[in-house]
$ cat run14.txt   # compact mmCIF, C-alpha atoms
# COMPACT_ATOMS: atom_id res chain seq x y z
CA MET A 259 122.38 -144.38 -131.83
CA SER A 260 120.07 -141.65 -130.65
CA TYR A 261 121.36 -138.67 -128.68
CA GLU A 262 120.01 -137.61 -125.33
CA LEU A 263 118.00 -134.39 -125.51
CA ALA A 264 118.50 -131.44 -123.20
CA ILE A 265 117.58 -127.79 -123.20
CA ALA A 266 119.25 -124.59 -122.01
CA PRO A 267 117.21 -122.26 -119.75
CA GLU A 268 117.05 -119.57 -122.44
CA ALA A 269 115.57 -122.05 -124.92
CA GLU A 270 113.08 -123.16 -122.27
CA GLN A 271 111.93 -119.55 -122.06
CA ASP A 272 111.71 -119.42 -125.86
CA LEU A 273 109.54 -122.52 -125.90
CA ASP A 274 107.38 -121.17 -123.12
CA ARG A 275 106.80 -117.92 -125.01
CA LEU A 276 106.08 -119.73 -128.26
CA ILE A 277 103.60 -122.07 -126.61
CA ASP A 278 102.05 -119.18 -124.76
CA SER A 279 101.47 -117.40 -128.08
CA LEU A 280 99.17 -120.23 -129.23
CA PRO A 281 95.47 -120.58 -128.41
CA ALA A 282 95.16 -122.58 -125.19
CA ARG A 283 93.44 -125.52 -126.91
CA ARG A 284 96.41 -126.06 -129.23
CA ARG A 285 99.18 -125.96 -126.64
CA GLU A 286 99.12 -129.62 -125.65
CA ALA A 287 99.28 -130.78 -129.26
CA ALA A 288 102.01 -128.25 -129.97
CA LEU A 289 104.17 -129.56 -127.12
CA ASP A 290 103.65 -133.10 -128.41
CA GLY A 291 104.63 -131.94 -131.89
CA VAL A 292 107.77 -130.17 -130.70
CA LEU A 293 108.88 -133.15 -128.63
CA ALA A 294 108.29 -135.53 -131.54
CA GLU A 295 110.34 -133.31 -133.85
CA PHE A 296 113.22 -133.06 -131.40
CA GLU A 297 113.21 -136.83 -131.05
CA LYS A 298 113.63 -137.07 -134.82
CA LEU A 299 116.58 -134.70 -134.53
CA ALA A 300 118.10 -136.74 -131.72
CA ALA A 301 117.88 -139.84 -133.91
CA ASN A 302 119.40 -138.05 -136.89
CA PRO A 303 121.21 -134.74 -136.22
CA SER A 304 122.11 -134.48 -139.89
CA LEU A 305 118.53 -133.26 -140.41
CA ALA A 306 119.90 -129.90 -139.25
CA VAL A 307 121.71 -127.52 -141.58
CA ARG A 308 124.49 -125.14 -140.72
CA SER A 309 122.84 -121.78 -141.05
CA THR A 310 122.44 -118.90 -138.57
CA LEU A 311 126.11 -117.94 -138.29
CA GLY A 312 127.26 -121.50 -138.85
CA ARG A 313 125.20 -123.04 -136.05
CA PRO A 314 123.40 -126.33 -136.63
CA THR A 315 119.82 -125.28 -137.14
CA TYR A 316 116.86 -127.64 -137.30
CA ARG A 317 113.77 -126.32 -139.04
CA PHE A 318 110.64 -128.28 -138.26
CA SER A 319 106.90 -128.18 -138.69
CA PHE A 320 104.07 -129.66 -136.71
CA VAL A 321 100.30 -129.57 -136.78
CA ALA A 322 98.08 -128.58 -133.90
CA GLU A 323 94.36 -128.72 -134.51
CA LYS A 324 94.86 -128.71 -138.29
CA VAL A 325 97.06 -125.60 -138.11
CA HIS A 326 100.63 -125.91 -139.40
CA TYR A 327 103.40 -124.24 -137.42
CA HIS A 328 106.97 -123.68 -138.62
CA TRP A 329 109.65 -123.24 -136.01
CA ALA A 330 113.39 -123.81 -135.80
CA ALA A 331 115.95 -124.57 -133.14
CA THR A 332 119.69 -124.23 -132.80
CA PHE A 333 121.64 -126.69 -130.73
CA LYS A 334 125.06 -127.63 -129.43
CA TYR A 335 126.59 -130.94 -128.54
CA ALA A 336 127.32 -131.20 -124.83
CA GLN A 337 130.79 -132.13 -123.64
CA ASP A 338 129.77 -135.77 -123.13
CA GLU A 339 129.18 -135.90 -126.93
CA ARG A 340 126.05 -137.96 -126.29
CA THR A 341 123.67 -135.10 -125.62
CA ILE A 342 122.17 -132.50 -127.91
CA VAL A 343 121.33 -129.31 -126.05
CA ILE A 344 118.76 -126.96 -127.58
CA THR A 345 120.08 -123.39 -127.31
CA HIS A 346 117.36 -121.31 -129.00
CA ILE A 347 113.90 -121.99 -130.42
CA PHE A 348 112.25 -119.50 -132.74
CA ARG A 349 109.45 -118.99 -135.22
CA VAL A 350 110.35 -118.97 -138.92
CA ALA A 351 108.60 -117.88 -142.06
CA LEU A 352 107.76 -120.61 -144.54
CA MET B 26 145.64 -97.05 -124.63
CA THR B 27 144.61 -95.02 -127.70
CA GLN B 28 141.02 -95.65 -128.72
CA LEU B 29 140.72 -96.52 -132.39
CA SER B 30 137.75 -95.36 -134.42
CA ARG B 31 134.94 -97.87 -134.81
CA ASN B 32 135.79 -98.55 -138.45
CA ALA B 33 139.49 -99.05 -137.69
CA GLN B 34 138.58 -101.49 -134.91
CA ILE B 35 136.52 -103.51 -137.37
CA LEU B 36 139.30 -103.74 -139.94
CA ARG B 37 141.84 -104.67 -137.28
CA TYR B 38 139.54 -107.33 -135.79
CA LEU B 39 139.03 -108.88 -139.22
CA MET B 40 142.82 -108.89 -139.75
CA GLU B 41 143.30 -110.69 -136.46
CA VAL B 42 140.87 -113.44 -137.41
CA ALA B 43 142.19 -113.61 -140.98
CA PRO B 44 145.77 -112.31 -141.09
CA GLY B 45 147.16 -111.60 -144.56
CA LEU B 46 143.88 -110.33 -146.01
CA GLY B 47 144.10 -108.29 -149.18
CA ARG B 48 142.46 -104.92 -149.54
CA ILE B 49 139.46 -106.16 -151.53
CA LYS B 50 138.62 -108.97 -149.15
CA LEU B 51 139.10 -106.73 -146.14
CA ALA B 52 136.61 -104.21 -147.51
CA LYS B 53 134.16 -106.94 -148.53
CA PHE B 54 134.38 -108.70 -145.17
CA ALA B 55 133.44 -105.44 -143.45
CA TYR B 56 130.46 -105.09 -145.83
CA LEU B 57 129.33 -108.70 -145.28
CA ALA B 58 129.61 -108.29 -141.52
CA ASP B 59 127.36 -105.24 -141.76
CA CYS B 60 124.90 -107.24 -143.88
CA GLU B 61 124.79 -110.03 -141.30
CA SER B 62 124.49 -107.50 -138.53
CA TYR B 63 121.48 -105.89 -140.21
CA ARG B 64 119.97 -109.33 -140.58
CA TYR B 65 120.45 -110.41 -136.99
CA LEU B 66 120.74 -107.22 -134.96
CA ASP B 67 118.82 -104.76 -137.13
CA ARG B 68 121.79 -102.37 -137.30
CA SER B 69 125.25 -102.16 -138.78
CA ILE B 70 128.44 -102.77 -136.84
CA SER B 71 130.53 -100.21 -138.69
CA GLU B 72 130.08 -96.57 -139.60
CA PHE B 73 130.78 -97.24 -143.28
CA ARG B 74 128.18 -95.85 -145.69
CA TYR B 75 128.32 -98.13 -148.69
CA ILE B 76 127.79 -97.15 -152.27
CA TYR B 77 127.91 -99.38 -155.33
CA ASP B 78 131.47 -98.49 -156.27
CA ARG B 79 133.21 -99.60 -159.46
CA HIS B 80 134.31 -102.75 -157.61
CA GLY B 81 131.20 -103.41 -155.59
CA PRO B 82 130.04 -102.16 -152.20
CA PHE B 83 132.55 -99.74 -150.75
CA ASP B 84 132.92 -96.56 -148.72
CA ARG B 85 136.20 -95.42 -150.23
CA ARG B 86 136.77 -92.39 -148.02
CA ARG B 87 136.00 -94.02 -144.68
CA PHE B 88 137.77 -97.25 -145.60
CA TYR B 89 141.05 -95.50 -146.39
CA LEU B 90 140.73 -93.29 -143.32
CA ALA B 91 140.39 -96.39 -141.14
CA LYS B 92 143.15 -98.24 -142.97
CA ASP B 93 145.53 -95.27 -142.63
CA GLU B 94 144.63 -94.95 -138.96
CA LEU B 95 145.72 -98.56 -138.43
CA VAL B 96 148.88 -98.43 -140.51
CA ASN B 97 150.05 -94.98 -139.35
CA GLY B 98 149.25 -95.85 -135.74
CA GLY B 99 151.29 -99.05 -135.85
CA TYR B 100 148.26 -101.35 -135.45
CA ALA B 101 148.70 -103.04 -138.83
CA THR B 102 151.22 -103.41 -141.61
CA GLU B 103 150.44 -103.05 -145.30
CA THR B 104 152.68 -104.91 -147.73
CA MET B 105 152.65 -104.65 -151.49
CA VAL B 106 152.46 -108.07 -153.16
CA GLU B 107 152.63 -109.21 -156.76
CA ALA B 108 149.58 -111.21 -157.81
CA GLY B 109 150.30 -112.27 -161.40
CA PRO B 110 150.18 -109.14 -163.53
CA TYR B 111 148.60 -107.14 -160.72
CA GLN B 112 149.84 -105.44 -157.60
CA GLY B 113 147.95 -105.95 -154.40
CA TYR B 114 148.25 -105.15 -150.71
CA GLU B 115 148.18 -107.50 -147.77
CA PHE B 116 147.44 -106.54 -144.20
CA GLN B 117 148.78 -108.05 -141.01
CA PRO B 118 147.89 -106.99 -137.48
CA THR B 119 150.83 -105.96 -135.32
CA SER B 120 151.19 -106.92 -131.66
CA LYS B 121 150.06 -103.47 -130.55
CA PRO B 122 147.04 -104.09 -128.31
CA VAL B 123 143.61 -102.77 -129.18
CA GLU B 124 140.68 -102.25 -126.86
CA TYR B 125 137.69 -103.41 -128.86
CA GLY B 126 134.30 -101.87 -128.20
CA PHE B 127 132.18 -104.66 -129.71
CA ASP B 128 129.51 -106.52 -127.85
CA GLN B 129 129.51 -110.30 -127.99
CA ALA B 130 127.04 -110.53 -130.87
CA GLU B 131 129.02 -108.08 -133.02
CA ALA B 132 132.29 -109.90 -132.35
CA GLU B 133 130.60 -113.20 -133.21
CA ILE B 134 129.41 -111.82 -136.56
CA LEU B 135 132.84 -110.41 -137.46
CA ARG B 136 134.57 -113.65 -136.53
CA TYR B 137 132.04 -115.73 -138.44
CA VAL B 138 132.37 -113.70 -141.65
CA ALA B 139 136.18 -113.75 -141.56
CA GLU B 140 136.32 -117.49 -140.88
CA ILE B 141 133.65 -118.62 -143.30
CA TYR B 142 134.93 -116.63 -146.28
CA LEU B 143 138.65 -116.86 -145.53
CA THR B 144 139.35 -119.40 -148.24
CA HIS B 145 137.29 -117.70 -150.95
CA THR B 146 139.29 -115.90 -153.62
CA ALA B 147 138.39 -112.23 -154.00
CA VAL B 148 136.65 -112.97 -157.32
CA ARG B 149 134.61 -115.84 -155.92
CA LEU B 150 133.75 -113.84 -152.82
CA CYS B 151 132.43 -111.00 -154.97
CA ASP B 152 130.59 -113.10 -157.56
CA GLU B 153 129.06 -115.73 -155.30
CA VAL B 154 128.49 -113.82 -152.10
CA VAL B 155 128.80 -110.03 -152.19
CA TYR B 156 126.90 -109.42 -155.44
CA GLN B 157 124.13 -111.78 -154.26
CA THR B 158 123.36 -109.79 -151.11
CA PRO B 159 119.97 -108.02 -151.12
CA PRO B 160 121.44 -104.47 -151.00
CA MET B 161 123.49 -105.16 -154.15
CA LYS B 162 120.67 -106.77 -156.11
CA GLY B 163 119.06 -104.25 -158.39
CA ALA B 164 121.44 -101.48 -157.30
CA LYS B 165 123.26 -99.38 -159.88
CA VAL B 166 126.88 -98.19 -159.91
CA GLY B 167 127.20 -94.96 -157.96
CA GLU B 168 124.07 -95.54 -155.86
CA LYS B 169 123.97 -95.60 -152.10
CA LEU B 170 123.23 -99.16 -150.96
CA ALA B 171 120.04 -99.78 -149.02
CA MET B 172 121.42 -101.89 -146.18
CA ASP B 173 117.98 -102.07 -144.60
CA LYS B 174 117.05 -104.58 -147.32
CA MET B 175 118.75 -107.06 -145.01
CA ARG B 176 116.07 -106.40 -142.43
CA GLU B 177 113.49 -108.48 -144.26
CA GLU B 178 113.73 -111.36 -141.80
CA LYS B 179 113.21 -109.18 -138.74
CA GLY B 180 110.09 -107.98 -137.06
CA ASP B 181 108.92 -111.12 -135.27
CA GLU B 182 109.50 -110.94 -131.54
CA LEU B 183 109.32 -114.73 -131.43
CA GLY B 184 111.72 -115.03 -134.35
CA PHE B 185 115.47 -115.60 -134.31
CA ASN B 186 117.40 -113.52 -131.79
CA LEU B 187 121.18 -113.66 -131.85
CA GLU B 188 121.63 -112.43 -128.29
CA ARG B 189 119.34 -115.17 -127.00
CA LEU B 190 121.19 -117.79 -129.02
CA LEU B 191 124.52 -116.65 -127.56
CA ALA B 192 123.06 -116.66 -124.05
CA GLY B 193 121.80 -120.21 -124.60
CA GLU B 194 125.23 -121.30 -125.81
CA ALA B 195 126.88 -119.68 -122.80
CA SER B 196 124.55 -121.69 -120.56
CA VAL B 197 125.56 -124.91 -122.29
CA GLU B 198 129.24 -124.04 -121.87
CA ALA B 199 128.61 -123.45 -118.18
CA GLY B 200 126.74 -126.75 -117.86
CA ARG B 201 123.37 -125.07 -117.28
CA PHE B 202 120.86 -127.32 -119.02
CA ARG B 203 118.46 -130.12 -118.15
CA PRO B 204 116.69 -133.00 -119.88
CA LEU B 205 114.23 -131.77 -122.50
CA LYS B 206 111.51 -134.15 -121.34
CA GLU B 207 111.64 -132.73 -117.82
CA ALA B 208 111.32 -129.15 -119.12
CA VAL B 209 108.47 -130.07 -121.49
CA ASP B 210 106.58 -131.88 -118.73
CA GLU B 211 106.87 -128.81 -116.55
CA LEU B 212 105.65 -126.57 -119.36
CA ARG B 213 102.76 -128.93 -120.02
CA ALA B 214 101.68 -128.77 -116.40
CA ARG B 215 101.96 -124.98 -116.34
CA HIS B 216 99.90 -124.52 -119.49
CA ARG B 217 97.24 -126.96 -118.28
CA SER B 218 96.64 -125.09 -115.05
$ encode --input "run14.txt" --output "structure tokens"
Amino acid sequence: MSYELAIAPEAEQDLDRLIDSLPARRREAALDGVLAEFEKLAANPSLAVRSTLGRPTYRFSFVAEKVHYHWAATFKYAQDERTIVITHIFRVAL
Amino acid sequence: MTQLSRNAQILRYLMEVAPGLGRIKLAKFAYLADCESYRYLDRSISEFRYIYDRHGPFDRRRFYLAKDELVNGGYATETMVEAGPYQGYEFQPTSKPVEYGFDQAEAEILRYVAEIYLTHTAVRLCDEVVYQTPPMKGAKVGEKLAMDKMREEKGDELGFNLERLLAGEASVEAGRFRPLKEAVDELRARHRS
């Protein structure tokens, strides 16, 4: 079973800022990469580890125009227990 | 209500999350909370100034001042306990109310440290956690600990931000979220234009 994916407004702002920090020509591919990675998480939340003060944290990488990016996201399960809600998205060092 | 010193508030808060703490664990929890706070907030929570004491990171003078403030003020009890051949002390918070001056992120860090390490023995806590922290690595007995070694992960404005994480979690609790696909489509349109 795959979870539904949702995002909190603060994480939307994070994603907006992260995408905005990329060269314009890479943004489309980056959004595709992020979405694909979150879909992997929705299919298998155990890909996340409990770091960052015990929060489930999913570290992921994607490629946009041959450039590798390494980001991470924290998430919470919504009350319906069928939805993963992204709470924060941030850049990480390798 | 009497205002406790910052350090006394920290010890009392840790006791509330983990009642029955011994003296060693109480001191180490305060140190670990300061480490985490440097990592995530770029500053300490307490006003302790740690040195590499005989038994690890400790600010003997300020710790005992804070502990005495709690015990003498009726905010905590200190009980002597026998632990095998040794004598130890356990602390319990009393019901006397305290007005805490922590922000949400600081309280979250204190709670996290007390909960996550509650079941560790003092020896395991020291060996596996405290002595592995960056300020303790390479330090020598008697030296002041460089807490800013915890800052190594900071400096990226698009990096992890504890306050933003907590705000995001508060939104989820309040039911403020929407489907990811919808948000991504909107972002895509905005960045195309």
$ closest_atom_pairs --input "run14.txt" --of "chain B" --to "chain A" --cutoff "12 Å" --atoms "only C-alpha atoms" --output "CSV"
residue,atom,partner,partner_atom,distance
B:Ala58,CA,A:Leu311,CA,10.8
B:Glu61,CA,A:Leu311,CA,8.6
B:Ser62,CA,A:Leu311,CA,10.6
B:Arg64,CA,A:Thr310,CA,10.1
B:Tyr65,CA,A:Thr310,CA,8.9
B:Ala130,CA,A:Leu311,CA,10.5
B:Glu131,CA,A:Leu311,CA,11.6
B:Ala132,CA,A:Leu311,CA,11.8
B:Glu133,CA,A:Leu311,CA,8.3
B:Ile134,CA,A:Leu311,CA,7.2
B:Leu135,CA,A:Leu311,CA,10.1
B:Arg136,CA,A:Leu311,CA,9.6
B:Tyr137,CA,A:Leu311,CA,6.3
B:Val138,CA,A:Leu311,CA,8.3
B:Ala139,CA,A:Leu311,CA,11.4
B:Glu140,CA,A:Gly312,CA,10.1
B:Ile141,CA,A:Gly312,CA,8.3
B:Tyr142,CA,A:Gly312,CA,11.7
B:Glu177,CA,A:Ala351,CA,10.8
B:Glu178,CA,A:Ala351,CA,8.3
B:Lys179,CA,A:Val350,CA,10.2
B:Gly180,CA,A:Val350,CA,11.1
B:Asp181,CA,A:Arg349,CA,7.9
B:Glu182,CA,A:Arg349,CA,8.9
B:Leu183,CA,A:Arg349,CA,5.7
B:Gly184,CA,A:Arg349,CA,4.6
B:Phe185,CA,A:Phe348,CA,5.3
B:Asn186,CA,A:Phe348,CA,7.9
B:Leu187,CA,A:Thr310,CA,8.6
B:Glu188,CA,A:His346,CA,9.9
B:Arg189,CA,A:Glu268,CA,6.7
B:Leu190,CA,A:His346,CA,5.2
B:Leu191,CA,A:Thr345,CA,8.1
B:Ala192,CA,A:Glu268,CA,6.9
B:Gly193,CA,A:Thr345,CA,4.5
B:Glu194,CA,A:Thr345,CA,5.8
B:Ala195,CA,A:Thr345,CA,9.0
B:Ser196,CA,A:Ala266,CA,6.2
B:Val197,CA,A:Ala266,CA,6.3
B:Glu198,CA,A:Ala336,CA,8.0
B:Ala199,CA,A:Ala266,CA,10.2
B:Gly200,CA,A:Ala336,CA,8.3
B:Arg201,CA,A:Ala266,CA,6.3
B:Phe202,CA,A:Ala266,CA,4.4
B:Arg203,CA,A:Ala264,CA,5.2
B:Pro204,CA,A:Ala264,CA,4.1
B:Leu205,CA,A:Ala264,CA,4.3
B:Lys206,CA,A:Leu263,CA,7.7
B:Glu207,CA,A:Ala264,CA,8.8
B:Ala208,CA,A:Glu270,CA,7.0
B:Val209,CA,A:Leu289,CA,7.1
B:Asp210,CA,A:Leu289,CA,9.0
B:Glu211,CA,A:Asp274,CA,10.1
B:Leu212,CA,A:Asp274,CA,6.8
B:Arg213,CA,A:Glu286,CA,6.7
B:Ala214,CA,A:Glu286,CA,9.6
B:Arg215,CA,A:Asp274,CA,9.5
B:His216,CA,A:Arg285,CA,7.3
B:Arg217,CA,A:Glu286,CA,8.1
B:Ser218,CA,A:Ala282,CA,10.6
$ axis_aligned_box --input "run14.txt" --around "range 137-143 of chain B" --padding-each-side "4 Å" --output "lines of an AutoDock Vina configuration file"
center_x = 135.3
center_y = -116.2
center_z = -142.4
size_x = 14.6
size_y = 12.9
size_z = 15.8
$ residues_around --input "run14.txt" --residues "Leu150 in chain B" --least-positions-apart "5" --cutoff "12 Å" --atoms "all atoms listed in the file" --output "PyMOL selection string"
chain B and resi 49-54+56-57+81+138-139+141-145+155-158
$ residues_near_point --input "run14.txt" --point "(146.8, -104.3, -140.2)" --cutoff "10 Å" --atoms "only C-alpha atoms" --output "ChimeraX atom specification"
/B:33,36-41,44-46,92-104,115-120
$ residues_around --input "run14.txt" --residues "Ala301 in chain A" --least-positions-apart "3" --cutoff "8 Å" --atoms "all atoms listed in the file" --output "list in words"
Met259, Ser260, Tyr261, Glu297 and Lys298 of chain A
$ closest_residue --input "run14.txt" --among "B:Gly47, B:Asp59, B:Lys169, B:Lys174" --to "Gly113 in chain B" --atoms "only C-alpha atoms"
B:Gly47
